[in-house]
>>> print(open('protein_16.pdb').read())   # PDB, C-alpha atoms
MODEL        1
ATOM      1  CA  MET A   1      30.357  60.648 -49.655
ATOM      2  CA  GLY A   2      27.641  62.498 -51.536
ATOM      3  CA  GLY A   3      24.137  61.432 -52.453
ATOM      4  CA  THR A   4      22.528  61.255 -55.863
ATOM      5  CA  MET A   5      20.506  63.654 -57.961
ATOM      6  CA  THR A   6      17.940  62.145 -60.320
ATOM      7  CA  ALA A   7      17.261  63.391 -63.836
ATOM      8  CA  GLU A   8      14.226  61.778 -65.463
ATOM      9  CA  SER A   9      13.072  61.550 -69.061
ATOM     10  CA  ALA A  10      10.375  59.578 -70.793
ATOM     11  CA  GLU A  11      12.877  56.897 -71.730
ATOM     12  CA  HIS A  12      15.148  56.414 -68.757
ATOM     13  CA  ARG A  13      16.306  57.652 -65.380
ATOM     14  CA  VAL A  14      19.899  58.748 -64.795
ATOM     15  CA  HIS A  15      21.475  59.024 -61.344
ATOM     16  CA  TRP A  16      24.151  61.733 -61.204
ATOM     17  CA  PRO A  17      26.517  61.594 -58.232
ATOM     18  CA  VAL A  18      26.471  64.661 -56.019
ATOM     19  CA  PRO A  19      29.912  65.345 -54.520
ATOM     20  CA  PRO A  20      30.485  65.864 -50.799
ATOM     21  CA  HIS A  21      30.881  69.449 -49.595
ATOM     22  CA  ASP A  22      34.703  69.189 -49.549
ATOM     23  CA  GLY A  23      34.909  67.145 -52.774
ATOM     24  CA  TYR A  24      35.576  63.504 -53.492
ATOM     25  CA  THR A  25      38.685  61.783 -52.170
ATOM     26  CA  VAL A  26      40.900  59.008 -53.482
ATOM     27  CA  ASP A  27      39.004  56.565 -51.246
ATOM     28  CA  ASP A  28      35.753  57.589 -52.947
ATOM     29  CA  LEU A  29      37.294  57.069 -56.386
ATOM     30  CA  PHE A  30      37.937  53.423 -55.566
ATOM     31  CA  THR A  31      34.688  52.703 -53.690
ATOM     32  CA  LEU A  32      31.916  54.568 -55.556
ATOM     33  CA  PRO A  33      29.874  52.016 -57.510
ATOM     34  CA  ASP A  34      29.413  51.982 -61.293
ATOM     35  CA  LEU A  35      31.952  54.661 -62.215
ATOM     36  CA  PRO A  36      32.868  54.581 -65.926
ATOM     37  CA  PRO A  37      36.264  53.069 -66.803
ATOM     38  CA  HIS A  38      39.237  55.450 -66.599
ATOM     39  CA  THR A  39      37.467  57.962 -64.317
ATOM     40  CA  GLU A  40      39.962  60.459 -62.881
ATOM     41  CA  LEU A  41      39.900  62.550 -59.714
ATOM     42  CA  ILE A  42      40.986  66.170 -60.240
ATOM     43  CA  ASP A  43      40.640  68.713 -57.406
ATOM     44  CA  GLY A  44      38.042  66.534 -55.722
ATOM     45  CA  SER A  45      35.882  66.241 -58.837
ATOM     46  CA  LEU A  46      35.255  63.120 -60.886
ATOM     47  CA  VAL A  47      36.325  63.483 -64.517
ATOM     48  CA  PHE A  48      34.905  61.121 -67.137
ATOM     49  CA  VAL A  49      36.707  60.488 -70.407
ATOM     50  CA  SER A  50      35.324  60.606 -73.933
ATOM     51  CA  PRO A  51      35.728  57.780 -76.480
ATOM     52  CA  GLN A  52      39.367  57.388 -77.457
ATOM     53  CA  ARG A  53      40.684  58.584 -80.844
ATOM     54  CA  HIS A  54      42.965  56.310 -82.856
ATOM     55  CA  PHE A  55      45.832  58.824 -82.444
ATOM     56  CA  HIS A  56      45.529  58.503 -78.685
ATOM     57  CA  PHE A  57      45.425  54.697 -78.806
ATOM     58  CA  ALA A  58      48.364  54.487 -81.234
ATOM     59  CA  MET A  59      50.592  56.832 -79.236
ATOM     60  CA  ILE A  60      49.961  55.001 -75.970
ATOM     61  CA  HIS A  61      51.107  51.744 -77.549
ATOM     62  CA  LEU A  62      54.027  53.259 -79.488
ATOM     63  CA  LEU A  63      55.413  55.062 -76.432
ATOM     64  CA  ALA A  64      54.793  52.210 -73.995
ATOM     65  CA  ASN A  65      56.581  49.785 -76.318
ATOM     66  CA  GLY A  66      59.389  52.266 -76.914
ATOM     67  CA  LEU A  67      59.879  52.933 -73.217
ATOM     68  CA  ARG A  68      59.967  49.196 -72.494
ATOM     69  CA  SER A  69      62.547  48.483 -75.201
ATOM     70  CA  THR A  70      65.411  49.955 -73.130
ATOM     71  CA  LEU A  71      63.832  49.678 -69.670
ATOM     72  CA  PRO A  72      66.226  48.949 -66.787
ATOM     73  CA  PRO A  73      65.147  46.034 -64.557
ATOM     74  CA  ASP A  74      64.360  48.287 -61.602
ATOM     75  CA  PHE A  75      61.673  50.226 -63.534
ATOM     76  CA  ARG A  76      58.389  49.243 -65.147
ATOM     77  CA  VAL A  77      56.064  50.862 -67.689
ATOM     78  CA  ALA A  78      52.329  51.147 -67.081
ATOM     79  CA  ALA A  79      49.490  52.663 -69.094
ATOM     80  CA  GLU A  80      46.137  54.115 -68.092
ATOM     81  CA  MET A  81      46.404  53.333 -64.384
ATOM     82  CA  THR A  82      45.709  55.682 -61.498
ATOM     83  CA  VAL A  83      48.547  57.661 -59.924
ATOM     84  CA  VAL A  84      47.670  59.095 -56.521
ATOM     85  CA  LEU A  85      49.078  62.621 -56.133
ATOM     86  CA  ASP A  86      47.254  63.632 -52.952
ATOM     87  CA  ARG A  87      43.918  63.117 -51.195
ATOM     88  CA  HIS A  88      41.898  64.968 -53.860
ATOM     89  CA  ASN A  89      43.919  64.237 -57.008
ATOM     90  CA  ALA A  90      44.287  60.864 -58.693
ATOM     91  CA  PRO A  91      44.695  61.238 -62.458
ATOM     92  CA  GLU A  92      45.291  58.415 -64.892
ATOM     93  CA  PRO A  93      48.325  59.219 -67.060
ATOM     94  CA  ASP A  94      48.274  57.739 -70.542
ATOM     95  CA  VAL A  95      51.691  56.149 -69.956
ATOM     96  CA  PHE A  96      54.113  56.295 -67.039
ATOM     97  CA  VAL A  97      57.336  54.801 -65.728
ATOM     98  CA  ALA A  98      57.461  53.713 -62.091
ATOM     99  CA  ARG A  99      59.862  51.900 -59.810
ATOM    100  CA  ALA A 100      59.454  48.132 -60.227
ATOM    101  CA  ASP A 101      59.203  47.564 -56.485
ATOM    102  CA  ALA A 102      56.122  49.799 -56.381
ATOM    103  CA  LEU A 103      54.125  46.922 -57.856
ATOM    104  CA  THR A 104      53.273  44.740 -54.875
ATOM    105  CA  SER A 105      50.348  42.744 -56.287
ATOM    106  CA  HIS A 106      48.770  41.921 -59.638
ATOM    107  CA  ASP A 107      45.485  43.116 -58.099
ATOM    108  CA  GLN A 108      46.990  46.576 -57.604
ATOM    109  CA  THR A 109      44.896  49.460 -59.009
ATOM    110  CA  ARG A 110      47.063  52.484 -58.211
ATOM    111  CA  TYR A 111      50.589  53.832 -57.892
ATOM    112  CA  GLU A 112      51.822  56.570 -55.573
ATOM    113  CA  ALA A 113      53.389  59.698 -57.066
ATOM    114  CA  ALA A 114      56.591  59.101 -55.073
ATOM    115  CA  ASP A 115      57.179  55.910 -57.073
ATOM    116  CA  VAL A 116      56.702  57.514 -60.511
ATOM    117  CA  LEU A 117      59.622  58.891 -62.547
ATOM    118  CA  LEU A 118      57.920  59.875 -65.809
ATOM    119  CA  VAL A 119      54.348  60.647 -66.830
ATOM    120  CA  VAL A 120      53.121  61.001 -70.416
ATOM    121  CA  GLU A 121      49.915  62.733 -71.493
ATOM    122  CA  VAL A 122      48.619  62.460 -75.062
ATOM    123  CA  VAL A 123      46.525  65.555 -75.781
ATOM    124  CA  SER A 124      42.839  64.885 -76.485
ATOM    125  CA  PRO A 125      40.330  67.507 -77.673
ATOM    126  CA  ASP A 126      38.054  66.972 -74.661
ATOM    127  CA  SER A 127      40.894  67.222 -72.129
ATOM    128  CA  GLU A 128      43.290  69.688 -73.772
ATOM    129  CA  SER A 129      43.302  72.163 -70.883
ATOM    130  CA  ARG A 130      43.866  69.408 -68.313
ATOM    131  CA  ASP A 131      46.621  67.783 -70.395
ATOM    132  CA  ARG A 132      48.494  71.024 -71.097
ATOM    133  CA  ASP A 133      47.978  72.912 -67.852
ATOM    134  CA  THR A 134      46.201  71.254 -64.932
ATOM    135  CA  LYS A 135      47.897  67.871 -64.916
ATOM    136  CA  PRO A 136      51.479  69.098 -65.502
ATOM    137  CA  ARG A 137      51.143  71.537 -62.598
ATOM    138  CA  LYS A 138      49.866  68.795 -60.332
ATOM    139  CA  TYR A 139      52.485  66.266 -61.445
ATOM    140  CA  ALA A 140      55.191  68.853 -60.744
ATOM    141  CA  ALA A 141      53.732  69.725 -57.331
ATOM    142  CA  ALA A 142      53.769  65.996 -56.492
ATOM    143  CA  GLY A 143      57.486  65.853 -57.355
ATOM    144  CA  ILE A 144      57.327  63.621 -60.436
ATOM    145  CA  PRO A 145      60.660  64.460 -62.126
ATOM    146  CA  HIS A 146      59.815  63.962 -65.824
ATOM    147  CA  PHE A 147      56.786  64.837 -67.964
ATOM    148  CA  TRP A 148      56.073  64.368 -71.683
ATOM    149  CA  LEU A 149      53.284  66.051 -73.635
ATOM    150  CA  VAL A 150      52.325  64.451 -76.947
ATOM    151  CA  ASP A 151      50.338  66.217 -79.649
ATOM    152  CA  MET A 152      49.527  65.984 -83.348
ATOM    153  CA  ALA A 153      51.293  68.315 -85.800
ATOM    154  CA  GLY A 154      50.912  69.153 -89.474
ATOM    155  CA  LYS A 155      48.429  67.956 -92.031
ATOM    156  CA  ASP A 156      49.529  64.334 -91.616
ATOM    157  CA  ASP A 157      48.762  64.384 -87.859
ATOM    158  CA  HIS A 158      52.303  63.227 -87.093
ATOM    159  CA  PRO A 159      53.147  63.023 -83.363
ATOM    160  CA  VAL A 160      55.310  65.601 -81.639
ATOM    161  CA  VAL A 161      56.719  64.881 -78.180
ATOM    162  CA  GLN A 162      57.604  67.739 -75.835
ATOM    163  CA  VAL A 163      59.929  66.616 -73.023
ATOM    164  CA  TYR A 164      60.015  68.435 -69.677
ATOM    165  CA  GLU A 165      62.142  68.064 -66.558
ATOM    166  CA  LEU A 166      61.305  69.232 -63.046
ATOM    167  CA  GLY A 167      63.453  72.119 -61.829
ATOM    168  CA  LYS A 168      64.633  71.518 -58.271
ATOM    169  CA  ALA A 169      64.799  75.227 -57.492
ATOM    170  CA  THR A 170      61.530  76.238 -59.128
ATOM    171  CA  GLY A 171      59.393  73.145 -58.546
ATOM    172  CA  THR A 172      58.004  73.534 -62.071
ATOM    173  CA  TYR A 173      58.668  71.791 -65.374
ATOM    174  CA  ALA A 174      61.134  73.231 -67.886
ATOM    175  CA  LEU A 175      61.070  72.230 -71.548
ATOM    176  CA  THR A 176      64.237  70.320 -72.484
ATOM    177  CA  GLY A 177      63.397  69.272 -76.048
ATOM    178  CA  ILE A 178      60.813  68.889 -78.815
ATOM    179  CA  TYR A 179      60.980  65.697 -80.876
ATOM    180  CA  HIS A 180      59.325  65.042 -84.246
ATOM    181  CA  ASP A 181      60.991  61.881 -85.589
ATOM    182  CA  GLN A 182      62.909  60.324 -82.705
ATOM    183  CA  VAL A 183      62.966  60.687 -78.932
ATOM    184  CA  LYS A 184      66.579  60.002 -77.954
ATOM    185  CA  ILE A 185      67.382  61.065 -74.400
ATOM    186  CA  THR A 186      69.301  59.815 -71.350
ATOM    187  CA  VAL A 187      66.862  60.620 -68.502
ATOM    188  CA  PRO A 188      65.259  59.058 -66.566
ATOM    189  CA  TYR A 189      67.212  56.317 -68.420
ATOM    190  CA  ASP A 190      68.538  55.817 -71.955
ATOM    191  CA  ILE A 191      65.479  56.080 -74.207
ATOM    192  CA  ASP A 192      65.353  55.778 -77.997
ATOM    193  CA  ILE A 193      61.887  55.818 -79.615
ATOM    194  CA  ASP A 194      61.304  56.021 -83.365
ATOM    195  CA  LEU A 195      58.233  58.221 -83.834
ATOM    196  CA  THR A 196      58.185  57.568 -87.586
ATOM    197  CA  THR A 197      56.685  54.125 -86.844
ATOM    198  CA  PHE A 198      53.465  55.816 -85.714
ATOM    199  CA  ASP A 199      51.549  54.743 -88.842
ATOM    200  CA  ARG A 200      52.148  51.070 -88.045
ATOM    201  CA  TYR A 201      49.857  51.218 -85.014
TER     202      TYR A 201
ENDMDL
END
>>> encode(input="protein_16.pdb", output="structure tokens")
Amino acid sequence: MGGTMTAESAEHRVHWPVPPHDGYTVDDLFTLPDLPPHTELIDGSLVFVSPQRHFHFAMIHLLANGLRSTLPPDFRVAAEMTVVLDRHNAPEPDVFVARADALTSHDQTRYEAADVLLVVEVVSPDSESRDRDTKPRKYAAAGIPHFWLVDMAGKDDHPVVQVYELGKATGTYALTGIYHDQVKITVPYDIDIDLTTFDRY
């Protein structure tokens, strides 16, 4: 575990964590003191999130509710919890679907990638590159079979959902559909989400 570097000003002193030579690990993510809420671990580096936009908040709730509305009993929906991909990568998807038996305690703080069927990332300005490129590549490498990318479109900032499925031969995600008004698909289970209700959130 790394030490700390101190930056001083006339008003206050800030302690910035200095990463170990080989980067932080998942164990560090859960044991380092005073990390901000929703800190992610990407390639051994700690990633802090910016204040959430209303679009981001609304889409998390709309999609989580929509995914739960037809959820089979052997799955469960979670939001903004850590998914461990490997020793140096533990992102926090905005929404995801996991196997119900993966929840073993109400004190649980993480899920393993092997138990996750679908991850959803809502694009944010401060994390656009991670949402569109870094995270999908890592989710695919970890074998998570389904990925959704959600963005704003048009002058009314209406949501658009891009749905991807993991190719068994390629090990990468392939786009299977783009949805503007309704997400109606049959994998990983029968899902029917009305995106036109976005303005109610």
>>> resolve_selection(input="protein_16.pdb", expression="the PyMOL selection byres ((chain A and resi 27-39) around 8)", output="PyMOL selection string")
chain A and resi 1+24-26+40-41+46-49+80-81+92
>>> residues_near_point(input="protein_16.pdb", point="(56.3, 47.6, -57.9)", cutoff="10 Å", atoms="all atoms listed in the file", output="JSON, numbers by chain")
{"A": [74, 75, 76, 98, 99, 100, 101, 102, 103, 104, 105, 106, 108, 111, 115]}
>>> resolve_selection(input="protein_16.pdb", expression="the PyMOL selection byres ((chain A and resi 150) around 8)", output="PDB file with C-alpha atoms, keeping the file's coordinate frame")
ATOM      1  CA  VAL A 120      53.121  61.001 -70.416  1.00  0.00           C
ATOM      2  CA  GLU A 121      49.915  62.733 -71.493  1.00  0.00           C
ATOM      3  CA  VAL A 122      48.619  62.460 -75.062  1.00  0.00           C
ATOM      4  CA  VAL A 123      46.525  65.555 -75.781  1.00  0.00           C
ATOM      5  CA  TRP A 148      56.073  64.368 -71.683  1.00  0.00           C
ATOM      6  CA  LEU A 149      53.284  66.051 -73.635  1.00  0.00           C
ATOM      7  CA  ASP A 151      50.338  66.217 -79.649  1.00  0.00           C
ATOM      8  CA  MET A 152      49.527  65.984 -83.348  1.00  0.00           C
ATOM      9  CA  PRO A 159      53.147  63.023 -83.363  1.00  0.00           C
ATOM     10  CA  VAL A 160      55.310  65.601 -81.639  1.00  0.00           C
ATOM     11  CA  VAL A 161      56.719  64.881 -78.180  1.00  0.00           C
ATOM     12  CA  GLN A 162      57.604  67.739 -75.835  1.00  0.00           C
TER      13      GLN A 162
END
>>> resolve_selection(input="protein_16.pdb", expression="the PyMOL selection byres ((chain A and resi 130-143) around 12)", output="ChimeraX atom specification")
/A:40-43,47,49,83-94,96,112-129,144-151,162-175
>>> atom_distance(input="protein_16.pdb", atom1="atom CA of A:Asp181", atom2="atom CA of A:Asp157")
12.7 Å
>>> atom_distance(input="protein_16.pdb", atom1="atom CA of A:Thr82", atom2="atom CA of A:Ile178")
26.5 Å
>>> residues_near_point(input="protein_16.pdb", point="(68.3, 52.4, -67.2)", cutoff="6 Å", atoms="all atoms listed in the file", output="PyMOL selection string")
chain A and resi 71-72+189-190
>>> residues_around(input="protein_16.pdb", residues="A:Leu67", least_positions_apart="5", cutoff="8 Å", atoms="all atoms listed in the file", output="PyMOL selection string")
chain A and resi 77+191-193
>>> atom_distance(input="protein_16.pdb", atom1="atom CA of A:Asp156", atom2="atom CA of A:Ala79")
25.4 Å
>>> axis_aligned_box(input="protein_16.pdb", around="stretch 40-56 of chain A", padding_each_side="4 Å", output="AutoDock Vina command-line options")
--center_x 40.4 --center_y 62.5 --center_z -69.3 --size_x 18.9 --size_y 20.4 --size_z 35.1
>>> closest_residue(input="protein_16.pdb", among="A:Tyr179, A:Gln52, A:Met59, A:Arg110", to="A:Ala78", atoms="only C-alpha atoms")
A:Arg110
>>> closest_residue(input="protein_16.pdb", among="A:His54, A:Val18, A:Gly154, A:Thr70", to="A:Ile185", atoms="only C-alpha atoms")
A:Thr70
>>> closest_residue(input="protein_16.pdb", among="A:Gly44, A:Val95, A:Ser50, A:Pro19", to="A:Arg68", atoms="only C-alpha atoms")
A:Val95
>>> residues_around(input="protein_16.pdb", residues="A:Leu195", least_positions_apart="2", cutoff="6 Å", atoms="all atoms listed in the file", output="MDAnalysis selection string")
chainID A and resid 181:182 197:198
